[in-house]
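The structure appears right after this line, and notes come after that.
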Protein chains: 2
Amino acid sequence: MAEAVRHDKTARQLRLLSDALDSGRLGPVKRLVNTLSPAEIGNLLESLPPGKRVVVWGLVDPEDDGEVLVHVGEEVRESLLADMDTDEIVAAVEDLDIDDLADLVEDLPDTVIDEVLKSMDRENRERLEQVLSYPEETAGRLMNPDVVTVRADTTIDVVLRYLRLRGELPEHTDHLYVVSRRHQYLGRIALAALLTHEPGTPINKLIDDEQPAIDVNETDNEVARKFSDHDWISAPVVDDNNILLGRITIDDVVDIIRGEAEHQALAAAGLDEEEDLFSPVRRAVKRRMMWLGINLGTAFLASSVVGRFEGTIEKIVALAVLMPIVAGMGGNAGTQVLALMIRGLALGQVGASNVRTLLWKELRVALLNGLTLGAVLGIVVWAWFHDPALSLVIGSALTINLIFAATAGVMVPLTLKRLGFDPALAGGVILTTVTDTMGFLAFLGLATLLLLR
Amino acid sequence: MAEAVRHDKTARQLRLLSDALDSGRLGPVKRLVNTLSPAEIGNLLESLPPGKRVVVWGLVDPEDDGEVLVHVGEEVRESLLADMDTDEIVAAVEDLDIDDLADLVEDLPDTVIDEVLKSMDRENRERLEQVLSYPEETAGRLMNPDVVTVRADTTIDVVLRYLRLRGELPEHTDHLYVVSRRHQYLGRIALAALLTHEPGTPINKLIDDEQPAIDVNETDNEVARKFSDHDWISAPVVDDNNILLGRITIDDVVDIIRGEAEHQALAAAGLDEEEDLFSPVRRAVKRRMMWLGINLGTAFLASSVVGRFEGTIEKIVALAVLMPIVAGMGGNAGTQVLALMIRGLALGQVGASNVRTLLWKELRVALLNGLTLGAVLGIVVWAWFHDPALSLVIGSALTINLIFAATAGVMVPLTLKRLGFDPALAGGVILTTVTDTMGFLAFLGLATLLLLR
């Protein structure tokens with residue numbers, strides 16, 4: 001039910017905007033758009049077809065352009081960038097934080113990148129180059145080098161005077177970092193601690209050195225996991241020598257968690273999470289064709305099994321009527337196990353140490369479900385075709401297929417992961433190939449053995 | 001590839017722990033467990049089969065018990081609570097934050113709840129009762145009433161003295177809230193602003209009144225959306241009269257985002273995100289049976305379509321061999337559209353204003369994919385069965401089914417949502433019922449019309 005009322009606000013804005021666009025009065029559209037945050041504008045642009053998208057993009061306050069570009073998927077970003085000239089892009093991105101800029105830079109044309117680099121001061125250029133020197137999807141790429149550091153051998157009073165002199169702190173600063181003379185990370189001081197202790201308190205009494213720093217080479221998923229396991233708002237990033245390089249903040253982590261979730265949901269259908277809802281037909285066709293082509297190949301495999309039993313089907317046509325049930329139910333049961341396994345693997349909860357216990361549990365579940373549903377199926381088939389032997393065959397075939405489905409549901413994702421493939425992407429295709437093939441083989445094979453005389 | 005190395009740490013811990021448990025030496029297990037954060041312990045417990053889970057749960061430092069209970073799924077939580085007596089539970093939960101306690105309280109036996117309430121001081125008991133008075137999955141349930149407020153007519157100096165007197169701030173406090181005499185929310189002051197301005201600065205110069213407060217009745221998904229759209233760390237919660245009631249922090253929002261993602265991934269397979277990986281066989285059977293039973297019903301529906309064409313299949317057995325291809329490919333293509341739609345609906349990007357454009361795009365994609373894949377399928381079938389008319393029939397049937405698949409992929413989730421159902425839960429079953437039924441009907445129907453003389 002909650003689902004139904006969710007995000008009604010976005011839907012309402014979308015409708016308002018759409019009506020205003022249709023009426024051709026751009027004034028109200030512009031006013032509406034510029035009451036939104038950059039992320040909301042991004043979301044809105046993603047939900048507009050290309051024609052309207054270009055119009056609305058033109059109405060966005062140029063000051064927000066950079067932030068909006070950060071908040072849209074890659075495909076939509078490309079379509080927005082295609083609509084800007086070099087000067088506009090440079091103006092849009094030059095005020096972005098280094099981590100956001102690093103995220104964007106890959107999608108910019110080379111000539112634009114040169115211009116952007118030229119427009120930056122030396123310190124920021126070096127910082128950007130440093131961030132870009134780390135591989136994508138690592139902590140190094142996520143971090144922002146803009147951190148506030150203090151020394152241990154001072155007092156709150158001194159720090160407060162320094163901060164007042166410095167003025168603004170970087171966004172989402174909840175801790176200052178304490179570093180050694182060689183810029184090694186020693187620990188952190190909560191802003192709250194600075195506010196709740198007497199001015200004379202020495203800094204080294206307030207240092208929290210319990211929070212481990214993040215290694216610059218950690219993957220972004222590991223980083224996300226740590227943030228949610230420890231309820232962090234920000235965390236320091238260090239290199240192999242414990243030199244402080246930068247800081248990761250929760251807002252970027254939230255984006256990673258959302259992205260990972262979208263990846264898992266869309267990968268199962270062979271889609272990329274960067275896909276534009278309104279991507280050009282030609283591009284959508286090309287991308288989906290590949291996935292459907294793979295599925296066509298596996299469908300031939302299953303059909304070839306049926307082909308082996310043409311003689312049997314010729315004699316008992318009821319088999320053709322019933323065989324999709326056995327195959328399909330195997331697919332459904334296997335998908336349930338697969339979904340649990342993919343979650344377990346993503347959380348690191350499934351491994352060599354517990355896979356046997358898990359398989360054993362799933363086999364018992366499959367056996368009980370198979371016997372129960374097999375009996376139901378047998379009774380319905382008996383009533384339909386008045387053939388007790390056929391009932392026995394289909395009930396047994398269903399049970400056998402559910403057992404294969406459980407085995408495949410546990411073993412396929414585990415094997416894929418061990419081989420370095422993404423279980424969320426390939427798991428479903430392989431699983432249903434197993435359950436289709438085994439379903440047809442068990443049903444038609446048993447029928448050939450038991451029903452033909 | 002990142003997938004493959006992800007969360008190796010958890011997997012490694014799991015293996016170490018499992019080996020230590022198998023060897024029966026509990027000392028090392030205890031030491032290992034108590035180096036972990038409560039969330040990590042929760043994750044570890046979830047990945048252990050019931051027998052080992054009880055042993056490890058007994059080794060957890062009682063101080064962490066409450067936090068661990070907060071961090072596990074409902075089913076695992078029940079199994080852990082079953083292993084504790086009333087005193088242990090009361091001791092475990094009495095130090096929890098109000099919002100976490102509210103989250104747990106539903107799963108506690110009534111007698112235990114009474115004891116917990118008795119153990120609390122009056123202020124906290126009233127706060128808990130207030131939070132529990134709001135419906136589940138609303139901002140009211142998520143908020144923590146423990147906030148630090150200041151008045152507008154004062155200076156930084158005074159606030160600093162107040163804070164030093166007060167001592168610790170609640171976790172994740174990044175702003176103090178400014179309230180009127182009647183406790184109405186007026187705006188917020190960043191801790192950073194207190195640190196970077198001169199002591200004499202009046203508070204009302206620092207107030208940020210741009211951030212709208214969250215209404216206590218908003219759904220948790222709306223709250224999560226706002227946090228990620230605005231990059232908030234915390235946000236004030238108010239009632240209809242703008243009276244400040246409490247504060248929501250990003251760590252709880254991250255849990256909602258994760259939960260919502262798990263819900264979408266598991267609902268598609270008819271599973272609950274609270275399901276325990278090692279839930280008792282009987283419980284797992286019962287829950288999955290219902291889903292499989294629904295699928296069995298829809299499978300009969302599709303089979304009954306095939307049953308209408310028994311006469312045709314009797315004459316041309318090749319139809320039985322090939323019909324699963326047409327049905328299955330429709331399911332695959334439809335699932336792709338469905339996955340995009342479910343994401344679009346979850347983000348509020350799809351609605352009445354753009355559904356026609358979207359459907360039109362998907363129909364063109366389906367037509368192009370159908371014609372191409374239909375041609376490929378036709379050629380293979382020609383080579384296999386040497387029957388050009390059969391090739392034409394199967395190619396056309398595939399194209400027709402992909403068009404139905406695209407239509408169902410767009411319309412089914414939209415209709416479900418409009419009717420107040422969860423598209424992620426029911427969308428897949430309805431979609432494949434459409435594609436199976438239409439696939440069989442198109443293929444066998446065309447064959448009856450064109451191939452029988």
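Just remember, in the structure tokens the first chain shown is A, the second B, etc., residues are 1-based per chain, and ligands are 1-based in the order shown.
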Write out, as CSV, each residue of region 284-360 of chain B that has an atom at most 12 Å from region 45-68 of chain A, together with the closest pair of atoms and their distance in Å to one decimal, counting only C-alpha atoms, rows going by chain and rising number.
residue,atom,partner,partner_atom,distance
B:Leu340,CA,A:Ser47,CA,11.8
B:Met341,CA,A:Ser47,CA,11.2
B:Arg343,CA,A:Ser47,CA,11.3
B:Gly344,CA,A:Ser47,CA,7.9
B:Leu345,CA,A:Ser47,CA,10.1
B:Ala346,CA,A:Ser47,CA,11.9
B:Leu347,CA,A:Ser47,CA,9.2
B:Gly348,CA,A:Ser47,CA,8.3
B:Gln349,CA,A:Ser47,CA,4.7
B:Val350,CA,A:Ser47,CA,6.5
B:Gly351,CA,A:Ser47,CA,9.0
B:Ala352,CA,A:Ser47,CA,11.5
B:Ser353,CA,A:Leu48,CA,9.2
B:Asn354,CA,A:Leu48,CA,7.2
B:Val355,CA,A:Ser47,CA,10.1
B:Arg356,CA,A:Pro49,CA,10.5
B:Thr357,CA,A:Pro49,CA,7.2
B:Leu358,CA,A:Pro49,CA,8.1
B:Leu359,CA,A:Pro49,CA,11.6
B:Trp360,CA,A:Pro49,CA,11.2
- Once you count only C-alpha atoms, which residues of chain B turn out to be within 6 Å of chain A? Could you give them as an NGL selection string? :B and (1 or 4 or 7 or 10-11 or 15 or 39 or 47 or 163-164 or 167 or 196-197 or 229 or 231 or 251 or 261 or 265-266 or 269 or 281 or 285 or 299 or 303 or 306-307 or 314 or 320-321 or 325 or 336 or 339 or 348-349 or 353 or 365 or 417 or 420)
- Kindly give the distance, in Å, that separates CA of Leu450 (chain A) and CA of Leu402 (chain A), rounded to a single decimal. 20.5 Å
- Write down as a PyMOL selection string the residues of region 35-232 of chain A whose backbone DSSP state falls under helix (DSSP H, G or I). chain A and resi 38-46+50-59+62-70+74-81+86-93+98-105+110-119+122-132+139-142+156-166+191-196+203-205+220-230
- Query: Mind pulling up the distance from CA of Leu425 (chain B) to CA of Val70 (chain B)?
  - Reply: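 Computed distance, CA of Val70 (chain B) to CA of Leu425 (chain B), equals 25.8 Å.
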- Query: Quick one: distance from CA of Asp209 (chain A) to CA of Val178 (chain A) in Å, one decimal?
  - Reply: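 Between these atoms lies a distance of 9.3 Å.
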- Message: With DSSP run on the backbone, what are the strand (DSSP E) residues within region 135-371 of chain A? I'd like them as number ranges by chain.
- Response: A: 149-150, 175-179, 185-190, 214-215, 234-238, 244-249
Restricting the output to N, CA, C and O atoms, write the selected residues as a CSV table (one decimal), in the first residue's frame.
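Contents of part15.csv, as written:
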chain,number,residue,atom,x,y,z
A,149,THR,N,42.5,19.4,8.8
A,149,THR,CA,43.4,18.6,9.7
A,149,THR,C,43.9,19.5,10.8
A,149,THR,O,44.0,20.7,10.6
A,150,VAL,N,44.1,18.8,11.9
A,150,VAL,CA,44.7,19.5,13.1
A,150,VAL,C,45.8,18.7,13.7
A,150,VAL,O,45.9,17.5,13.3
A,175,HIS,N,33.8,15.5,11.5
A,175,HIS,CA,35.1,15.3,12.3
A,175,HIS,C,36.2,16.1,11.7
A,175,HIS,O,36.2,16.3,10.4
A,176,LEU,N,37.1,16.5,12.5
A,176,LEU,CA,38.4,17.0,12.0
A,176,LEU,C,39.4,15.8,12.1
A,176,LEU,O,39.2,15.0,13.0
A,177,TYR,N,40.4,15.8,11.2
A,177,TYR,CA,41.3,14.7,11.3
A,177,TYR,C,42.6,15.1,11.9
A,177,TYR,O,43.1,16.2,11.6
A,178,VAL,N,43.2,14.3,12.8
A,178,VAL,CA,44.4,14.6,13.5
A,178,VAL,C,45.5,13.9,12.7
A,178,VAL,O,45.4,12.7,12.5
A,179,VAL,N,46.5,14.7,12.3
A,179,VAL,CA,47.6,14.1,11.5
A,179,VAL,C,49.0,14.4,12.2
A,179,VAL,O,49.1,15.3,12.9
A,185,TYR,N,47.7,9.7,9.3
A,185,TYR,CA,46.4,9.8,10.0
A,185,TYR,C,46.5,9.2,11.4
A,185,TYR,O,47.0,8.1,11.6
A,186,LEU,N,46.2,10.0,12.4
A,186,LEU,CA,46.3,9.5,13.8
A,186,LEU,C,44.9,9.3,14.5
A,186,LEU,O,44.9,8.5,15.4
A,187,GLY,N,43.9,9.9,14.0
A,187,GLY,CA,42.6,9.8,14.6
A,187,GLY,C,41.7,11.0,14.3
A,187,GLY,O,42.1,11.8,13.4
A,188,ARG,N,40.6,11.0,14.9
A,188,ARG,CA,39.6,12.1,14.5
A,188,ARG,C,39.0,12.7,15.7
A,188,ARG,O,39.0,12.2,16.8
A,189,ILE,N,38.6,14.0,15.5
A,189,ILE,CA,37.9,14.7,16.6
A,189,ILE,C,36.5,15.1,16.1
A,189,ILE,O,36.4,15.8,15.1
A,190,ALA,N,35.5,14.8,16.9
A,190,ALA,CA,34.2,15.1,16.5
A,190,ALA,C,34.0,16.6,16.7
A,190,ALA,O,34.4,17.2,17.7
A,214,ILE,N,40.0,4.2,5.9
A,214,ILE,CA,39.7,3.4,4.7
A,214,ILE,C,40.9,3.3,3.8
A,214,ILE,O,41.5,4.4,3.5
A,215,ASP,N,41.3,2.2,3.3
A,215,ASP,CA,42.4,2.1,2.4
A,215,ASP,C,42.0,2.6,1.0
A,215,ASP,O,40.9,2.3,0.5
A,234,SER,N,31.2,10.2,7.8
A,234,SER,CA,32.4,10.4,6.9
A,234,SER,C,33.5,9.5,7.4
A,234,SER,O,33.5,9.1,8.5
A,235,ALA,N,34.5,9.3,6.5
A,235,ALA,CA,35.6,8.4,7.0
A,235,ALA,C,36.8,8.9,6.2
A,235,ALA,O,36.8,9.3,5.0
A,236,PRO,N,38.0,8.8,6.9
A,236,PRO,CA,39.2,9.2,6.3
A,236,PRO,C,39.8,8.2,5.3
A,236,PRO,O,39.5,7.0,5.6
A,237,VAL,N,40.4,8.6,4.3
A,237,VAL,CA,41.0,7.6,3.3
A,237,VAL,C,42.6,7.8,3.4
A,237,VAL,O,43.1,8.9,3.3
A,238,VAL,N,43.3,6.7,3.5
A,238,VAL,CA,44.7,6.7,3.6
A,238,VAL,C,45.4,5.8,2.6
A,238,VAL,O,44.7,4.9,2.0
A,244,LEU,N,47.2,10.5,5.1
A,244,LEU,CA,45.8,10.9,4.8
A,244,LEU,C,45.7,11.5,3.4
A,244,LEU,O,46.4,12.5,3.1
A,245,LEU,N,44.8,11.0,2.6
A,245,LEU,CA,44.6,11.4,1.2
A,245,LEU,C,43.3,12.2,1.0
A,245,LEU,O,43.2,13.1,0.2
A,246,GLY,N,42.3,11.9,1.8
A,246,GLY,CA,41.0,12.5,1.6
A,246,GLY,C,40.0,11.9,2.5
A,246,GLY,O,40.3,11.3,3.5
A,247,ARG,N,38.7,12.1,2.1
A,247,ARG,CA,37.6,11.8,3.0
A,247,ARG,C,36.4,11.4,2.1
A,247,ARG,O,36.2,12.0,1.1
A,248,ILE,N,35.7,10.4,2.6
A,248,ILE,CA,34.5,10.0,1.9
A,248,ILE,C,33.3,10.3,2.7
A,248,ILE,O,33.4,10.1,4.0
A,249,THR,N,32.3,10.8,2.1
A,249,THR,CA,31.1,11.2,2.9
A,249,THR,C,29.9,10.4,2.5
A,249,THR,O,29.8,9.8,1.4
- Gly378 (chain A) environment, 8 Å, only C-alpha atoms, sequence neighbours closer than 4 positions dropped, as a ChimeraX atom specification: /A:374,382,390-392,394-395
Find the residues around region 116-133 of chain B up to 9 Å (only C-alpha atoms counted), leave out those fewer than 5 positions away in its own chain, and share them as a PDB file with all heavy atoms, in the first residue's frame.
ATOM      1  N   ILE B  89      16.641  -9.867  28.041  1.00  0.00           N
ATOM      2  CA  ILE B  89      16.092  -8.979  27.003  1.00  0.00           C
ATOM      3  C   ILE B  89      15.993  -7.546  27.520  1.00  0.00           C
ATOM      4  O   ILE B  89      16.410  -6.594  26.851  1.00  0.00           O
ATOM      5  CB  ILE B  89      14.697  -9.459  26.520  1.00  0.00           C
ATOM      6  CG1 ILE B  89      14.825 -10.865  25.921  1.00  0.00           C
ATOM      7  CG2 ILE B  89      14.127  -8.504  25.478  1.00  0.00           C
ATOM      8  CD1 ILE B  89      13.506 -11.461  25.459  1.00  0.00           C
ATOM      9  N   VAL B  90      15.467  -7.396  28.739  1.00  0.00           N
ATOM     10  CA  VAL B  90      15.329  -6.051  29.303  1.00  0.00           C
ATOM     11  C   VAL B  90      16.697  -5.379  29.386  1.00  0.00           C
ATOM     12  O   VAL B  90      16.868  -4.221  28.968  1.00  0.00           O
ATOM     13  CB  VAL B  90      14.662  -6.108  30.695  1.00  0.00           C
ATOM     14  CG1 VAL B  90      14.691  -4.735  31.355  1.00  0.00           C
ATOM     15  CG2 VAL B  90      13.235  -6.612  30.578  1.00  0.00           C
ATOM     16  N   ALA B  91      17.699  -6.120  29.879  1.00  0.00           N
ATOM     17  CA  ALA B  91      19.041  -5.550  29.988  1.00  0.00           C
ATOM     18  C   ALA B  91      19.587  -5.170  28.611  1.00  0.00           C
ATOM     19  O   ALA B  91      20.269  -4.156  28.440  1.00  0.00           O
ATOM     20  CB  ALA B  91      19.976  -6.552  30.662  1.00  0.00           C
ATOM     21  N   VAL B  93      17.936  -4.254  25.846  1.00  0.00           N
ATOM     22  CA  VAL B  93      17.296  -3.185  25.085  1.00  0.00           C
ATOM     23  C   VAL B  93      17.218  -1.855  25.831  1.00  0.00           C
ATOM     24  O   VAL B  93      16.936  -0.826  25.240  1.00  0.00           O
ATOM     25  CB  VAL B  93      15.878  -3.579  24.599  1.00  0.00           C
ATOM     26  CG1 VAL B  93      15.938  -4.879  23.805  1.00  0.00           C
ATOM     27  CG2 VAL B  93      14.910  -3.706  25.760  1.00  0.00           C
ATOM     28  N   GLU B  94      17.486  -1.860  27.164  1.00  0.00           N
ATOM     29  CA  GLU B  94      17.179  -0.630  27.903  1.00  0.00           C
ATOM     30  C   GLU B  94      18.075   0.547  27.525  1.00  0.00           C
ATOM     31  O   GLU B  94      17.688   1.684  27.716  1.00  0.00           O
ATOM     32  CB  GLU B  94      17.135  -0.875  29.418  1.00  0.00           C
ATOM     33  CG  GLU B  94      18.446  -1.281  30.031  1.00  0.00           C
ATOM     34  CD  GLU B  94      18.276  -1.639  31.519  1.00  0.00           C
ATOM     35  OE1 GLU B  94      17.172  -1.493  32.057  1.00  0.00           O
ATOM     36  OE2 GLU B  94      19.271  -2.077  32.127  1.00  0.00           O
ATOM     37  N   ILE B  98      15.671   5.597  21.377  1.00  0.00           N
ATOM     38  CA  ILE B  98      14.218   5.428  21.310  1.00  0.00           C
ATOM     39  C   ILE B  98      13.765   4.890  19.948  1.00  0.00           C
ATOM     40  O   ILE B  98      12.915   4.012  19.868  1.00  0.00           O
ATOM     41  CB  ILE B  98      13.507   6.773  21.599  1.00  0.00           C
ATOM     42  CG1 ILE B  98      13.841   7.255  23.017  1.00  0.00           C
ATOM     43  CG2 ILE B  98      12.006   6.645  21.424  1.00  0.00           C
ATOM     44  CD1 ILE B  98      13.271   6.416  24.121  1.00  0.00           C
ATOM     45  N   ASP B  99      14.358   5.392  18.857  1.00  0.00           N
ATOM     46  CA  ASP B  99      13.901   4.946  17.540  1.00  0.00           C
ATOM     47  C   ASP B  99      14.219   3.465  17.310  1.00  0.00           C
ATOM     48  O   ASP B  99      13.426   2.729  16.740  1.00  0.00           O
ATOM     49  CB  ASP B  99      14.453   5.833  16.419  1.00  0.00           C
ATOM     50  CG  ASP B  99      15.958   6.005  16.489  1.00  0.00           C
ATOM     51  OD1 ASP B  99      16.545   5.769  17.568  1.00  0.00           O
ATOM     52  OD2 ASP B  99      16.567   6.375  15.471  1.00  0.00           O
ATOM     53  N   LEU B 101      14.575   1.223  19.725  1.00  0.00           N
ATOM     54  CA  LEU B 101      13.716   0.480  20.641  1.00  0.00           C
ATOM     55  C   LEU B 101      12.316   0.332  20.049  1.00  0.00           C
ATOM     56  O   LEU B 101      11.716  -0.748  20.100  1.00  0.00           O
ATOM     57  CB  LEU B 101      13.667   1.215  21.986  1.00  0.00           C
ATOM     58  CG  LEU B 101      12.966   0.498  23.132  1.00  0.00           C
ATOM     59  CD1 LEU B 101      13.525  -0.889  23.335  1.00  0.00           C
ATOM     60  CD2 LEU B 101      13.116   1.309  24.417  1.00  0.00           C
ATOM     61  N   ALA B 102      11.823   1.402  19.447  1.00  0.00           N
ATOM     62  CA  ALA B 102      10.493   1.355  18.832  1.00  0.00           C
ATOM     63  C   ALA B 102      10.452   0.310  17.723  1.00  0.00           C
ATOM     64  O   ALA B 102       9.445  -0.367  17.511  1.00  0.00           O
ATOM     65  CB  ALA B 102      10.119   2.720  18.270  1.00  0.00           C
ATOM     66  N   ASP B 103      11.581   0.175  17.033  1.00  0.00           N
ATOM     67  CA  ASP B 103      11.695  -0.770  15.935  1.00  0.00           C
ATOM     68  C   ASP B 103      11.622  -2.209  16.458  1.00  0.00           C
ATOM     69  O   ASP B 103      11.052  -3.097  15.829  1.00  0.00           O
ATOM     70  CB  ASP B 103      13.037  -0.505  15.238  1.00  0.00           C
ATOM     71  CG  ASP B 103      13.195  -1.275  13.956  1.00  0.00           C
ATOM     72  OD1 ASP B 103      12.159  -1.615  13.355  1.00  0.00           O
ATOM     73  OD2 ASP B 103      14.340  -1.542  13.567  1.00  0.00           O
ATOM     74  N   VAL B 105      10.348  -3.229  19.511  1.00  0.00           N
ATOM     75  CA  VAL B 105       9.345  -3.522  20.525  1.00  0.00           C
ATOM     76  C   VAL B 105       8.236  -4.449  20.021  1.00  0.00           C
ATOM     77  O   VAL B 105       7.768  -5.336  20.729  1.00  0.00           O
ATOM     78  CB  VAL B 105       8.802  -2.182  21.104  1.00  0.00           C
ATOM     79  CG1 VAL B 105       7.349  -1.976  20.832  1.00  0.00           C
ATOM     80  CG2 VAL B 105       9.151  -2.058  22.571  1.00  0.00           C
ATOM     81  N   THR B 111       4.829  -9.614  27.929  1.00  0.00           N
ATOM     82  CA  THR B 111       5.362  -9.557  29.293  1.00  0.00           C
ATOM     83  C   THR B 111       6.690  -8.824  29.313  1.00  0.00           C
ATOM     84  O   THR B 111       6.976  -8.052  30.224  1.00  0.00           O
ATOM     85  CB  THR B 111       5.563 -10.971  29.861  1.00  0.00           C
ATOM     86  OG1 THR B 111       6.363 -11.710  28.915  1.00  0.00           O
ATOM     87  CG2 THR B 111       4.241 -11.682  30.074  1.00  0.00           C
ATOM     88  N   GLY B 140       7.231   9.387  11.774  1.00  0.00           N
ATOM     89  CA  GLY B 140       7.037   9.353  13.221  1.00  0.00           C
ATOM     90  C   GLY B 140       7.729   8.175  13.877  1.00  0.00           C
ATOM     91  O   GLY B 140       8.277   8.279  14.981  1.00  0.00           O
ATOM     92  N   ARG B 141       7.732   7.045  13.200  1.00  0.00           N
ATOM     93  CA  ARG B 141       8.367   5.865  13.723  1.00  0.00           C
ATOM     94  C   ARG B 141       9.892   5.906  13.615  1.00  0.00           C
ATOM     95  O   ARG B 141      10.610   5.231  14.337  1.00  0.00           O
ATOM     96  CB  ARG B 141       7.888   4.633  12.952  1.00  0.00           C
ATOM     97  CG  ARG B 141       6.712   3.943  13.558  1.00  0.00           C
ATOM     98  CD  ARG B 141       7.013   3.540  14.979  1.00  0.00           C
ATOM     99  NE  ARG B 141       5.836   2.967  15.573  1.00  0.00           N
ATOM    100  CZ  ARG B 141       5.471   1.693  15.439  1.00  0.00           C
ATOM    101  NH1 ARG B 141       6.211   0.859  14.759  1.00  0.00           N
ATOM    102  NH2 ARG B 141       4.365   1.257  15.984  1.00  0.00           N
ATOM    103  N   LEU B 142      10.367   6.658  12.646  1.00  0.00           N
ATOM    104  CA  LEU B 142      11.815   6.703  12.393  1.00  0.00           C
ATOM    105  C   LEU B 142      12.525   7.694  13.286  1.00  0.00           C
ATOM    106  O   LEU B 142      13.724   7.619  13.490  1.00  0.00           O
ATOM    107  CB  LEU B 142      12.056   7.168  10.957  1.00  0.00           C
ATOM    108  CG  LEU B 142      11.908   6.165   9.851  1.00  0.00           C
ATOM    109  CD1 LEU B 142      12.093   6.886   8.528  1.00  0.00           C
ATOM    110  CD2 LEU B 142      12.934   5.065  10.000  1.00  0.00           C
ATOM    111  N   MET B 143      11.764   8.680  13.792  1.00  0.00           N
ATOM    112  CA  MET B 143      12.423   9.803  14.446  1.00  0.00           C
ATOM    113  C   MET B 143      12.908   9.441  15.839  1.00  0.00           C
ATOM    114  O   MET B 143      12.403   8.539  16.488  1.00  0.00           O
ATOM    115  CB  MET B 143      11.482  10.995  14.537  1.00  0.00           C
ATOM    116  CG  MET B 143      10.370  10.796  15.527  1.00  0.00           C
ATOM    117  SD  MET B 143       9.262  12.225  15.558  1.00  0.00           S
ATOM    118  CE  MET B 143       8.118  11.697  16.828  1.00  0.00           C
ATOM    119  N   ASN B 144      13.908  10.171  16.283  1.00  0.00           N
ATOM    120  CA  ASN B 144      14.382  10.075  17.647  1.00  0.00           C
ATOM    121  C   ASN B 144      14.018  11.403  18.325  1.00  0.00           C
ATOM    122  O   ASN B 144      14.409  12.461  17.828  1.00  0.00           O
ATOM    123  CB  ASN B 144      15.893   9.871  17.649  1.00  0.00           C
ATOM    124  CG  ASN B 144      16.392   9.513  19.019  1.00  0.00           C
ATOM    125  OD1 ASN B 144      15.831   9.947  20.023  1.00  0.00           O
ATOM    126  ND2 ASN B 144      17.436   8.707  19.056  1.00  0.00           N
ATOM    127  N   PRO B 145      13.263  11.349  19.437  1.00  0.00           N
ATOM    128  CA  PRO B 145      12.809  12.610  20.044  1.00  0.00           C
ATOM    129  C   PRO B 145      13.942  13.379  20.732  1.00  0.00           C
ATOM    130  O   PRO B 145      13.720  14.505  21.184  1.00  0.00           O
ATOM    131  CB  PRO B 145      11.779  12.161  21.088  1.00  0.00           C
ATOM    132  CG  PRO B 145      11.481  10.724  20.779  1.00  0.00           C
ATOM    133  CD  PRO B 145      12.702  10.180  20.116  1.00  0.00           C
ATOM    134  N   ASP B 146      15.128  12.776  20.804  1.00  0.00           N
ATOM    135  CA  ASP B 146      16.228  13.391  21.528  1.00  0.00           C
ATOM    136  C   ASP B 146      16.938  14.432  20.642  1.00  0.00           C
ATOM    137  O   ASP B 146      17.827  14.090  19.872  1.00  0.00           O
ATOM    138  CB  ASP B 146      17.201  12.285  21.951  1.00  0.00           C
ATOM    139  CG  ASP B 146      18.228  12.773  22.940  1.00  0.00           C
ATOM    140  OD1 ASP B 146      18.083  13.896  23.444  1.00  0.00           O
ATOM    141  OD2 ASP B 146      19.186  12.020  23.205  1.00  0.00           O
TER     142      ASP B 146
END
- Nearest to Val434 (chain B) by atom-to-atom distance, counting only C-alpha atoms, from B:Leu449, B:Ile403, B:Leu80, B:Leu32: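 Counting only C-alpha atoms, the residue closest to Val434 (chain B) is B:Ile403.
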